[in-house]
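Structure data follow from input-v7.csv (CSV, C-alpha atoms and all ligand atoms):
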chain,number,residue,atom,x,y,z
H,1,MET,CA,-42.0,-7.2,-44.6
H,2,ASN,CA,-41.1,-8.2,-48.2
H,3,TYR,CA,-41.6,-4.7,-49.4
H,4,ILE,CA,-38.6,-3.6,-47.2
H,5,LEU,CA,-36.5,-6.3,-48.8
H,6,GLU,CA,-37.7,-5.3,-52.3
H,7,LYS,CA,-37.0,-1.7,-51.6
H,8,ALA,CA,-33.5,-2.5,-50.3
H,9,LYS,CA,-32.8,-4.7,-53.4
H,10,ASN,CA,-33.9,-2.0,-55.8
H,11,THR,CA,-32.7,1.2,-54.2
H,12,HIS,CA,-30.0,0.1,-51.7
H,13,ASP,CA,-31.5,2.5,-49.3
H,14,LEU,CA,-33.4,1.9,-46.0
H,15,ASN,CA,-34.3,4.1,-43.1
H,16,LYS,CA,-33.5,3.4,-39.5
H,17,ASP,CA,-37.0,2.1,-38.7
H,18,GLU,CA,-36.9,-0.4,-41.7
H,19,ILE,CA,-33.4,-1.7,-40.6
H,20,ILE,CA,-34.7,-2.2,-37.1
H,21,ARG,CA,-37.7,-4.2,-38.4
H,22,LEU,CA,-35.4,-6.4,-40.4
H,23,LEU,CA,-33.1,-7.0,-37.4
H,24,LYS,CA,-36.0,-7.7,-35.1
H,25,ASP,CA,-38.0,-10.2,-37.2
H,26,ASP,CA,-36.2,-13.5,-37.4
H,27,SER,CA,-39.0,-15.0,-39.6
H,28,ILE,CA,-37.5,-13.0,-42.5
H,29,SER,CA,-33.9,-14.1,-41.9
H,30,GLU,CA,-33.8,-16.6,-44.8
H,31,SER,CA,-35.4,-14.1,-47.3
H,32,LEU,CA,-33.0,-11.5,-46.1
H,33,PHE,CA,-30.0,-13.8,-46.7
H,34,GLU,CA,-31.3,-14.8,-50.2
H,35,THR,CA,-31.8,-11.1,-51.2
H,36,ALA,CA,-28.2,-10.2,-50.0
H,37,ASP,CA,-26.8,-13.2,-51.9
H,38,TYR,CA,-28.7,-12.1,-55.0
H,39,VAL,CA,-27.4,-8.5,-54.7
H,40,ARG,CA,-23.8,-9.8,-54.1
H,41,GLU,CA,-24.0,-12.0,-57.2
H,42,LYS,CA,-25.6,-9.4,-59.4
H,43,THR,CA,-23.0,-6.8,-58.5
H,44,LEU,CA,-19.8,-8.7,-57.9
H,45,GLY,CA,-20.4,-12.1,-59.6
H,46,ASN,CA,-19.1,-15.3,-58.1
H,47,SER,CA,-15.6,-14.3,-57.2
H,48,VAL,CA,-14.3,-14.6,-53.7
H,49,HIS,CA,-11.2,-12.5,-52.8
H,50,LEU,CA,-8.6,-14.1,-50.5
H,51,ARG,CA,-6.5,-12.0,-48.3
H,52,GLY,CA,-3.5,-13.5,-46.6
H,53,LEU,CA,-3.5,-12.4,-43.0
H,54,ILE,CA,-0.2,-11.9,-41.0
H,55,GLU,CA,-0.8,-11.3,-37.3
H,56,PHE,CA,2.6,-9.7,-36.6
H,57,THR,CA,2.4,-8.6,-33.0
H,58,ASN,CA,0.1,-9.4,-30.1
H,59,ILE,CA,1.5,-6.6,-28.0
H,60,CYS,CA,-1.0,-3.7,-27.4
H,61,LYS,CA,-0.9,-0.6,-25.4
H,62,ARG,CA,-4.7,-0.4,-25.3
H,63,ASN,CA,-7.1,-2.0,-22.9
H,64,CYS,CA,-10.3,-2.7,-24.8
H,65,MET,CA,-12.7,-4.6,-22.5
H,66,TYR,CA,-13.6,-7.3,-25.1
H,67,CYS,CA,-10.1,-8.1,-26.4
H,68,GLY,CA,-7.7,-10.8,-25.4
H,69,LEU,CA,-4.7,-8.7,-26.5
H,70,ARG,CA,-5.6,-6.0,-24.0
H,71,ARG,CA,-2.6,-4.5,-22.0
H,72,ASP,CA,-3.8,-5.9,-18.7
H,73,ASN,CA,-4.1,-9.5,-19.8
H,74,GLU,CA,-1.1,-11.1,-18.1
H,75,ASN,CA,-2.1,-14.6,-19.1
H,76,LEU,CA,-1.0,-14.1,-22.6
H,77,LYS,CA,2.5,-14.8,-23.8
H,78,ARG,CA,3.4,-11.9,-26.0
H,79,TYR,CA,5.3,-12.0,-29.3
H,80,ARG,CA,6.5,-9.6,-32.0
H,81,LEU,CA,7.7,-10.7,-35.4
H,82,SER,CA,10.8,-9.1,-36.8
H,83,GLU,CA,10.7,-7.1,-40.0
H,84,ASP,CA,12.4,-9.9,-41.9
H,85,GLU,CA,9.9,-12.5,-40.5
H,86,ILE,CA,7.0,-10.4,-41.6
H,87,VAL,CA,8.4,-9.9,-45.1
H,88,GLU,CA,9.2,-13.6,-45.3
H,89,LEU,CA,5.6,-14.6,-44.4
H,90,ALA,CA,4.3,-12.1,-47.0
H,91,LYS,CA,6.6,-13.6,-49.6
H,92,LYS,CA,5.3,-17.1,-48.9
H,93,ALA,CA,1.7,-15.9,-49.0
H,94,VAL,CA,2.3,-14.5,-52.5
H,95,ALA,CA,3.8,-17.9,-53.5
H,96,TYR,CA,0.5,-19.5,-52.2
H,97,GLY,CA,-1.3,-17.2,-54.7
H,98,TYR,CA,-2.6,-14.4,-52.5
H,99,LYS,CA,-3.1,-11.1,-54.3
H,100,THR,CA,-3.6,-9.1,-51.1
H,101,ILE,CA,-1.6,-9.2,-47.9
H,102,VAL,CA,-3.1,-7.9,-44.6
H,103,ILE,CA,-0.8,-7.1,-41.8
H,104,GLN,CA,-2.6,-6.8,-38.5
H,105,GLY,CA,-1.4,-6.2,-35.0
H,106,GLY,CA,-2.1,-4.7,-31.6
H,107,GLU,CA,-1.1,-1.0,-31.1
H,108,ASP,CA,2.6,-1.8,-30.5
H,109,ASP,CA,4.8,1.3,-30.4
H,110,TYR,CA,7.9,-0.7,-31.4
H,111,PHE,CA,6.6,-0.5,-34.9
H,112,THR,CA,7.4,3.2,-35.5
H,113,LYS,CA,6.5,5.1,-38.6
H,114,ASP,CA,9.9,4.4,-40.2
H,115,ARG,CA,9.8,0.7,-39.4
H,116,MET,CA,6.4,0.3,-40.9
H,117,VAL,CA,7.3,2.3,-44.0
H,118,SER,CA,10.2,-0.1,-44.5
H,119,ILE,CA,8.0,-3.2,-44.1
H,120,ILE,CA,5.3,-1.7,-46.5
H,121,LYS,CA,7.9,-0.9,-49.2
H,122,ARG,CA,9.4,-4.4,-49.0
H,123,ILE,CA,6.0,-6.1,-49.2
H,124,LYS,CA,4.8,-3.9,-52.0
H,125,SER,CA,7.8,-5.0,-54.1
H,126,PHE,CA,6.0,-8.3,-54.5
H,127,ASP,CA,3.3,-6.7,-56.6
H,128,VAL,CA,0.4,-7.3,-54.2
H,129,ALA,CA,-2.3,-5.1,-52.7
H,130,LEU,CA,-1.5,-4.3,-49.1
H,131,THR,CA,-4.0,-3.8,-46.3
H,132,LEU,CA,-2.9,-2.4,-42.9
H,133,SER,CA,-4.7,-3.0,-39.6
H,134,LEU,CA,-2.6,-1.2,-37.0
H,135,GLY,CA,-5.1,0.8,-35.0
H,136,GLU,CA,-5.1,4.6,-34.4
H,137,LYS,CA,-2.2,6.6,-35.9
H,138,THR,CA,-1.7,10.2,-36.6
H,139,PHE,CA,-2.6,11.8,-40.0
H,140,GLU,CA,1.2,12.0,-40.8
H,141,GLU,CA,1.7,8.3,-40.1
H,142,TYR,CA,-1.3,7.3,-42.2
H,143,LYS,CA,0.1,9.6,-45.0
H,144,ALA,CA,3.6,8.1,-44.8
H,145,PHE,CA,2.2,4.5,-45.0
H,146,LYS,CA,0.1,5.5,-48.0
H,147,GLU,CA,3.0,7.1,-49.7
H,148,ALA,CA,5.0,3.9,-49.1
H,149,GLY,CA,2.4,2.0,-51.0
H,150,ALA,CA,-0.3,0.8,-48.6
H,151,ASP,CA,-3.6,0.4,-50.4
H,152,ARG,CA,-6.2,-0.2,-47.7
H,153,TYR,CA,-6.7,0.2,-44.0
H,154,LEU,CA,-9.0,-1.6,-41.6
H,155,ILE,CA,-10.1,0.1,-38.4
H,156,ARG,CA,-13.4,-1.0,-36.8
H,157,ILE,CA,-15.5,1.7,-35.2
H,158,GLU,CA,-16.7,-1.3,-33.0
H,159,THR,CA,-19.9,0.7,-32.2
H,160,THR,CA,-21.3,4.1,-33.1
H,161,ASP,CA,-23.0,4.4,-29.7
H,162,LYS,CA,-20.7,6.8,-28.0
H,163,LYS,CA,-21.5,5.7,-24.5
H,164,LEU,CA,-21.1,2.0,-25.3
H,165,TYR,CA,-17.8,2.9,-27.1
H,166,ASN,CA,-16.5,4.7,-24.0
H,167,ASP,CA,-17.6,1.7,-21.8
H,168,MET,CA,-15.9,-0.8,-24.1
H,169,ASP,CA,-12.7,1.2,-25.0
H,170,PRO,CA,-11.7,3.0,-21.8
H,171,GLU,CA,-9.0,5.6,-22.2
H,172,MET,CA,-9.8,5.9,-25.9
H,173,SER,CA,-11.6,8.8,-27.6
H,174,PHE,CA,-14.7,8.1,-29.8
H,175,GLU,CA,-14.1,11.4,-31.6
H,176,ASN,CA,-10.5,10.4,-32.4
H,177,ARG,CA,-11.7,7.0,-33.8
H,178,LEU,CA,-14.1,8.9,-36.1
H,179,ASP,CA,-11.3,11.2,-37.1
H,180,CYS,CA,-9.0,8.3,-37.9
H,181,ILE,CA,-11.6,6.8,-40.3
H,182,LYS,CA,-12.2,10.2,-41.9
H,183,ASN,CA,-8.4,10.8,-42.3
H,184,LEU,CA,-8.0,7.5,-44.1
H,185,GLY,CA,-10.7,8.5,-46.5
H,186,ILE,CA,-9.0,11.9,-47.2
H,187,LEU,CA,-5.8,10.0,-47.9
H,188,ASN,CA,-7.5,7.8,-50.5
H,189,TYR,CA,-7.1,4.5,-48.8
H,190,GLU,CA,-9.8,1.9,-49.3
H,191,VAL,CA,-11.3,2.2,-45.9
H,192,GLY,CA,-12.6,-0.8,-43.9
H,193,THR,CA,-14.5,-0.5,-40.7
H,194,GLY,CA,-17.0,-2.6,-38.9
H,195,ILE,CA,-18.5,-3.5,-35.6
H,196,LEU,CA,-18.8,-6.2,-33.0
H,197,VAL,CA,-22.3,-7.7,-32.7
H,198,GLY,CA,-23.5,-8.7,-29.2
H,199,LEU,CA,-21.6,-6.3,-27.0
H,200,PRO,CA,-23.1,-5.9,-23.5
H,201,ASN,CA,-25.9,-3.3,-23.5
H,202,GLN,CA,-25.8,-3.0,-27.3
H,203,THR,CA,-29.3,-2.4,-28.8
H,204,LEU,CA,-30.8,-3.2,-32.2
H,205,GLU,CA,-31.3,0.6,-32.5
H,206,SER,CA,-27.6,1.2,-32.1
H,207,ILE,CA,-26.8,-1.5,-34.6
H,208,ALA,CA,-29.2,0.2,-37.1
H,209,ASP,CA,-27.2,3.4,-36.5
H,210,ASP,CA,-24.0,1.5,-37.1
H,211,ILE,CA,-25.3,0.2,-40.5
H,212,LEU,CA,-26.4,3.7,-41.5
H,213,TYR,CA,-22.9,5.0,-40.5
H,214,PHE,CA,-21.3,2.5,-42.9
H,215,LYS,CA,-23.6,3.9,-45.6
H,216,LYS,CA,-23.0,7.5,-44.7
H,217,ILE,CA,-19.2,7.3,-44.9
H,218,ASN,CA,-19.5,5.0,-48.0
H,219,ALA,CA,-17.0,2.5,-46.5
H,220,ASP,CA,-15.2,0.3,-48.9
H,221,MET,CA,-15.0,-2.8,-46.7
H,222,ILE,CA,-17.1,-3.8,-43.7
H,223,GLY,CA,-16.2,-6.5,-41.2
H,224,ILE,CA,-18.9,-7.8,-38.9
H,225,GLY,CA,-17.8,-10.0,-36.1
H,226,PRO,CA,-19.9,-11.6,-33.3
H,227,PHE,CA,-18.5,-10.6,-29.9
H,228,ILE,CA,-17.1,-13.8,-28.3
H,229,PRO,CA,-16.3,-13.3,-24.6
H,230,ASN,CA,-12.7,-14.1,-23.7
H,231,GLU,CA,-11.8,-15.7,-20.3
H,232,ASP,CA,-9.0,-13.3,-19.8
H,233,THR,CA,-11.0,-10.1,-20.1
H,234,PRO,CA,-13.4,-8.2,-17.8
H,235,LEU,CA,-16.2,-9.3,-20.1
H,236,LYS,CA,-15.6,-13.0,-19.5
H,237,ASP,CA,-19.1,-13.6,-18.1
H,238,ALA,CA,-21.0,-11.7,-20.8
H,239,HIS,CA,-23.4,-13.5,-23.1
H,240,GLY,CA,-21.7,-12.8,-26.4
H,241,GLY,CA,-23.0,-12.3,-29.9
H,242,ASN,CA,-25.5,-14.4,-31.8
H,243,PHE,CA,-24.5,-15.9,-35.1
H,244,THR,CA,-27.8,-15.2,-36.9
H,245,LEU,CA,-27.9,-11.6,-35.8
H,246,SER,CA,-24.3,-11.1,-37.0
H,247,LEU,CA,-25.3,-12.6,-40.4
H,248,LYS,CA,-28.3,-10.3,-40.6
H,249,VAL,CA,-26.2,-7.2,-39.9
H,250,MET,CA,-23.8,-8.4,-42.7
H,251,ALA,CA,-26.7,-9.1,-45.1
H,252,ILE,CA,-28.3,-5.7,-44.5
H,253,THR,CA,-24.9,-4.0,-45.1
H,254,ARG,CA,-24.6,-5.8,-48.4
H,255,LEU,CA,-28.1,-4.5,-49.4
H,256,LEU,CA,-27.1,-0.9,-48.7
H,257,LEU,CA,-23.6,-1.1,-50.1
H,258,PRO,CA,-23.8,-3.5,-53.0
H,259,ASP,CA,-20.3,-3.2,-54.4
H,260,ILE,CA,-18.1,-3.2,-51.3
H,261,ASN,CA,-15.9,-6.0,-49.9
H,262,ILE,CA,-17.4,-7.9,-47.0
H,263,PRO,CA,-15.4,-10.7,-45.3
H,264,ALA,CA,-16.8,-13.9,-44.0
H,265,THR,CA,-15.1,-13.4,-40.7
H,266,THR,CA,-13.1,-16.1,-38.8
H,267,ALA,CA,-15.2,-15.3,-35.7
H,268,MET,CA,-18.3,-16.4,-37.5
H,269,GLU,CA,-16.8,-19.8,-38.1
H,270,SER,CA,-15.6,-20.0,-34.5
H,271,LEU,CA,-19.3,-19.6,-33.5
H,272,SER,CA,-20.8,-21.9,-36.0
H,273,PRO,CA,-19.3,-24.8,-38.1
H,274,ASN,CA,-19.1,-23.7,-41.7
H,275,GLY,CA,-19.9,-20.2,-40.5
H,276,ARG,CA,-17.7,-18.7,-43.2
H,277,THR,CA,-19.4,-20.7,-46.0
H,278,LYS,CA,-22.8,-19.6,-44.7
H,279,ALA,CA,-21.6,-16.0,-44.6
H,280,LEU,CA,-20.4,-16.2,-48.2
H,281,GLN,CA,-24.0,-17.2,-49.1
H,282,CYS,CA,-25.5,-14.2,-47.2
H,283,GLY,CA,-23.6,-11.4,-48.8
H,284,ALA,CA,-19.9,-11.9,-48.1
H,285,ASN,CA,-17.3,-12.0,-50.9
H,286,VAL,CA,-14.0,-12.0,-49.0
H,287,VAL,CA,-12.1,-14.5,-46.8
H,288,MET,CA,-8.9,-13.7,-44.9
H,289,PRO,CA,-7.0,-17.0,-44.2
H,290,ASN,CA,-4.3,-16.8,-41.7
H,291,VAL,CA,-0.8,-17.0,-43.1
H,292,THR,CA,1.0,-16.6,-39.8
H,293,GLU,CA,3.0,-19.6,-38.8
H,294,GLY,CA,3.6,-21.8,-35.8
H,295,GLU,CA,2.6,-20.9,-32.2
H,296,TYR,CA,2.0,-17.3,-33.1
H,297,ARG,CA,-1.4,-18.4,-34.6
H,298,ARG,CA,-2.5,-19.5,-31.1
H,299,LEU,CA,-1.0,-16.5,-29.4
H,300,TYR,CA,-3.0,-13.9,-31.4
H,301,ALA,CA,-5.8,-14.7,-29.0
H,302,LEU,CA,-8.5,-12.1,-29.6
H,303,TYR,CA,-11.2,-14.5,-28.5
H,304,PRO,CA,-11.5,-18.1,-27.5
H,305,GLY,CA,-12.2,-20.9,-29.9
H,306,LYS,CA,-10.4,-19.3,-32.8
H,307,ILE,CA,-10.3,-21.7,-35.7
H,308,CYS,CA,-7.3,-23.1,-37.5
H,309,VAL,CA,-4.8,-22.3,-34.9
H,310,ASP,CA,-3.0,-25.6,-35.4
H,311,ASP,CA,-3.1,-25.5,-39.1
H,312,THR,CA,-0.4,-24.4,-41.6
H,313,PRO,CA,-0.9,-21.6,-44.0
H,314,LEU,CA,-0.7,-24.1,-46.9
H,315,LYS,CA,-3.4,-26.2,-45.4
H,316,CYS,CA,-5.7,-23.2,-44.8
H,317,ARG,CA,-5.2,-22.1,-48.4
H,318,GLY,CA,-6.3,-25.6,-49.7
H,319,CYS,CA,-9.2,-25.8,-47.2
H,320,ILE,CA,-10.7,-22.5,-48.0
H,321,THR,CA,-10.4,-23.0,-51.7
H,322,SER,CA,-12.3,-26.3,-51.5
H,323,LYS,CA,-15.0,-24.6,-49.3
H,324,ILE,CA,-15.4,-21.9,-52.0
H,325,THR,CA,-15.5,-24.3,-55.0
H,326,ARG,CA,-18.0,-26.5,-53.1
H,327,ILE,CA,-20.6,-23.7,-53.2
H,328,ASN,CA,-19.9,-23.0,-56.9
H,329,ARG,CA,-17.9,-19.9,-56.3
H,330,VAL,CA,-14.4,-19.1,-57.6
H,331,VAL,CA,-11.2,-17.7,-56.1
H,332,SER,CA,-10.6,-14.3,-57.8
H,333,ASP,CA,-7.3,-13.8,-59.5
H,334,THR,CA,-7.5,-10.0,-59.2
H,335,LYS,CA,-6.3,-7.8,-56.3
H,336,GLY,CA,-9.9,-7.3,-55.3
H,337,PHE,CA,-10.4,-3.6,-55.0
H,338,ARG,CA,-13.9,-2.4,-54.4
H,339,GLY,CA,-16.2,-3.5,-57.1
H,340,GLN,CA,-13.6,-5.7,-58.7
H,341,ARG,CA,-14.6,-9.3,-59.5
H,401,LIG,S1,-9.1,-4.3,-29.8
H,401,LIG,FE1,-7.1,-3.7,-30.8
H,401,LIG,S2,-6.6,-1.8,-29.7
H,401,LIG,FE2,-8.1,-2.9,-28.4
H,401,LIG,S3,-6.8,-4.1,-27.0
H,401,LIG,FE3,-7.4,-5.4,-28.8
H,401,LIG,S4,-5.6,-5.2,-30.2
H,401,LIG,FE4,-5.5,-3.5,-28.7
Translate this file's structure into structure tokens.
Amino acid sequence: MNYILEKAKNTHDLNKDEIIRLLKDDSISESLFETADYVREKTLGNSVHLRGLIEFTNICKRNCMYCGLRRDNENLKRYRLSEDEIVELAKKAVAYGYKTIVIQGGEDDYFTKDRMVSIIKRIKSFDVALTLSLGEKTFEEYKAFKEAGADRYLIRIETTDKKLYNDMDPEMSFENRLDCIKNLGILNYEVGTGILVGLPNQTLESIADDILYFKKINADMIGIGPFIPNEDTPLKDAHGGNFTLSLKVMAITRLLLPDINIPATTAMESLSPNGRTKALQCGANVVMPNVTEGEYRRLYALYPGKICVDDTPLKCRGCITSKITRINRVVSDTKGFRGQR
């Protein structure tokens, strides 16, 4: 098995069969994590990029089976921040030292192209990098956001298994999802995608295909999240994702794409105490602390057990910095584009 890790370390290339063997064999997990950590350090050094995350609306017109924000969830109190509130949160995040702001929300049609362009321009006046996570938009909308100054866009493919995708995301089109990701690349965004690990009926073979897809499109950022069943969704009785498997998917992704940005996701820490610290030691180089304030942190209820919902943005900033320094890493003072330290 070590020859597969050696090959990955030296060539950053694996075939589907080799990836499946790594995913299947838990006896190599620690060696895999060490190799991913080595590749991360060699390529990107010890910097960790912090992204200040603003969850600006929990209203969504979609109905994804796994997501607490889905349209049919009537148990969730909905909120939508005003433009001024969003810009004010971004301003505070910059004052806390964040070099990147991420604005993320459900697919909420209130935020038209013109409203988003205005928000983007105002946030970009603070001299920060800006990442959008707004779901599926038209080419023209993506283009307008880019021209307004947006730098990056996150849109998870969730799974590259078309049947599973259609089961999980009813009313949505797998082809359109692929097109969105392609269009963002054409428009020169830094493109982030990713998957949920542990969806019902997901196989290791399909996860191997997902990883090869990340490599094929040469994604700039990859977010891997364990699927955590939400009480208020049709998948409430599903098993959910496994922390170790999620880490392994992340580590293999690091081996194949050595210079990209990979977040230690909040969902990992919701599954395992110190999950983000562990992820940072298995290939991750980014953390996205929440800079949303007050009850909105709790109401952005993608999955249960979400961490830090009662904390303040300032407390999160201090907490994550101490976690990073405790493992001899440093918070980067750059905007953290792909390959930057
Ligand atoms: S995953 Fe995204 S698009 Fe789907 S319901 Fe949740 S917020 Fe909406």
TODO: For ligand LIG 401 (chain H), collect every residue having any atom at a distance of at most 6 Å from a ligand atom (counting all atoms listed in the file); output as a count of residues only.
DONE: 9
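In this comparison, which uses all atoms listed in the file, the residue of H:Leu14, H:Glu6, H:Arg276, H:Ile28 approaching Leu256 (chain H) most closely is H:Leu14.
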Task: Ref. answer, residues at most 12 Å from (-10.4, -21.8, -49.8) with all atoms listed in the file, as a count of residues only - done: 38
Open item on the list: Let me make sure I understand: among H:Tyr66, H:Phe126, H:Phe33, H:Phe139, which one has the smallest atom-to-atom distance to Ala238 (chain H) if we use all atoms listed in the file?
Closed with: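 Of all the options, H:Tyr66 lies closest to Ala238 (chain H).
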Asp220 (chain H): which residues within 10 Å, counting all atoms listed in the file, same-chain residues fewer than 6 positions away excluded, as a compact mmCIF listing (two decimals) with C-alpha atoms, in the frame of the given file?
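Output below, filename around-v6.txt:
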# COMPACT_ATOMS: atom_id res chain seq x y z
CA ARG H 152 -6.20 -0.20 -47.70
CA TYR H 153 -6.70 0.20 -44.00
CA LEU H 154 -9.00 -1.60 -41.60
CA GLY H 185 -10.70 8.50 -46.50
CA TYR H 189 -7.10 4.50 -48.80
CA GLU H 190 -9.80 1.90 -49.30
CA VAL H 191 -11.30 2.20 -45.90
CA GLY H 192 -12.60 -0.80 -43.90
CA THR H 193 -14.50 -0.50 -40.70
CA PHE H 214 -21.30 2.50 -42.90
CA LEU H 257 -23.60 -1.10 -50.10
CA ASP H 259 -20.30 -3.20 -54.40
CA ILE H 260 -18.10 -3.20 -51.30
CA ASN H 261 -15.90 -6.00 -49.90
CA ILE H 262 -17.40 -7.90 -47.00
CA PHE H 337 -10.40 -3.60 -55.00
CA ARG H 338 -13.90 -2.40 -54.40
CA GLY H 339 -16.20 -3.50 -57.10
Open item on the list: I'd like the contact shell of Ile103 (chain H) - 8 Å cut-off, only C-alpha atoms, skipping same-chain residues fewer than 3 positions apart - returned as a list in words.
Closed with: Leu53, Ile54, Glu55, Phe56, Leu130, Thr131, Leu132, Ser133 and Leu134 of chain H
Task: Counting all atoms listed in the file, the option among H:Cys282, H:Ala95, H:Ala150, H:Val102 closest to Ile120 (chain H) - done: H:Ala150
Open item on the list: Can you pull out the residues contacting Ser272 (chain H)? Cut-off 10 Å, using all atoms listed in the file, and skip same-chain residues under 5 positions away; I want them as a ChimeraX atom specification.
Closed with: /H:242-244,267,278
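Taking CA of Leu245 (chain H) and CA of Thr203 (chain H) as the two end points, the separation is 11.6 Å.
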TODO: Rounded to one decimal place, report the CA of Ile222 (chain H)-CA of Gly45 (chain H) distance in Å.
DONE: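 CA of Gly45 (chain H) lies 18.2 Å from CA of Ile222 (chain H).
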TODO: One decimal, Å: what's the distance from CA of Glu205 (chain H) over to CA of Lys16 (chain H), could you say?
DONE: 7.9 Å
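Selecting by distance to (-18.8, -12.8, -30.9) with a limit of 10 Å and using all atoms listed in the file, one obtains Tyr66, Leu196, Val197, Gly198, Leu199, Ile224, Gly225, Pro226, Phe227, Ile228, Pro229, Asn230, His239, Gly240, Gly241, Asn242, Phe243, Ser246, Ala267, Met268, Ser270, Leu271, Tyr303 and Pro304 of chain H.
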Residues from last step as file, C-alpha atoms, as a PDB file, keeping the file's coordinate frame:
ATOM      1  CA  TYR H  66     -13.600  -7.300 -25.100  1.00  0.00           C
ATOM      2  CA  LEU H 196     -18.800  -6.200 -33.000  1.00  0.00           C
ATOM      3  CA  VAL H 197     -22.300  -7.700 -32.700  1.00  0.00           C
ATOM      4  CA  GLY H 198     -23.500  -8.700 -29.200  1.00  0.00           C
ATOM      5  CA  LEU H 199     -21.600  -6.300 -27.000  1.00  0.00           C
ATOM      6  CA  ILE H 224     -18.900  -7.800 -38.900  1.00  0.00           C
ATOM      7  CA  GLY H 225     -17.800 -10.000 -36.100  1.00  0.00           C
ATOM      8  CA  PRO H 226     -19.900 -11.600 -33.300  1.00  0.00           C
ATOM      9  CA  PHE H 227     -18.500 -10.600 -29.900  1.00  0.00           C
ATOM     10  CA  ILE H 228     -17.100 -13.800 -28.300  1.00  0.00           C
ATOM     11  CA  PRO H 229     -16.300 -13.300 -24.600  1.00  0.00           C
ATOM     12  CA  ASN H 230     -12.700 -14.100 -23.700  1.00  0.00           C
ATOM     13  CA  HIS H 239     -23.400 -13.500 -23.100  1.00  0.00           C
ATOM     14  CA  GLY H 240     -21.700 -12.800 -26.400  1.00  0.00           C
ATOM     15  CA  GLY H 241     -23.000 -12.300 -29.900  1.00  0.00           C
ATOM     16  CA  ASN H 242     -25.500 -14.400 -31.800  1.00  0.00           C
ATOM     17  CA  PHE H 243     -24.500 -15.900 -35.100  1.00  0.00           C
ATOM     18  CA  SER H 246     -24.300 -11.100 -37.000  1.00  0.00           C
ATOM     19  CA  ALA H 267     -15.200 -15.300 -35.700  1.00  0.00           C
ATOM     20  CA  MET H 268     -18.300 -16.400 -37.500  1.00  0.00           C
ATOM     21  CA  SER H 270     -15.600 -20.000 -34.500  1.00  0.00           C
ATOM     22  CA  LEU H 271     -19.300 -19.600 -33.500  1.00  0.00           C
ATOM     23  CA  TYR H 303     -11.200 -14.500 -28.500  1.00  0.00           C
ATOM     24  CA  PRO H 304     -11.500 -18.100 -27.500  1.00  0.00           C
TER      25      PRO H 304
END
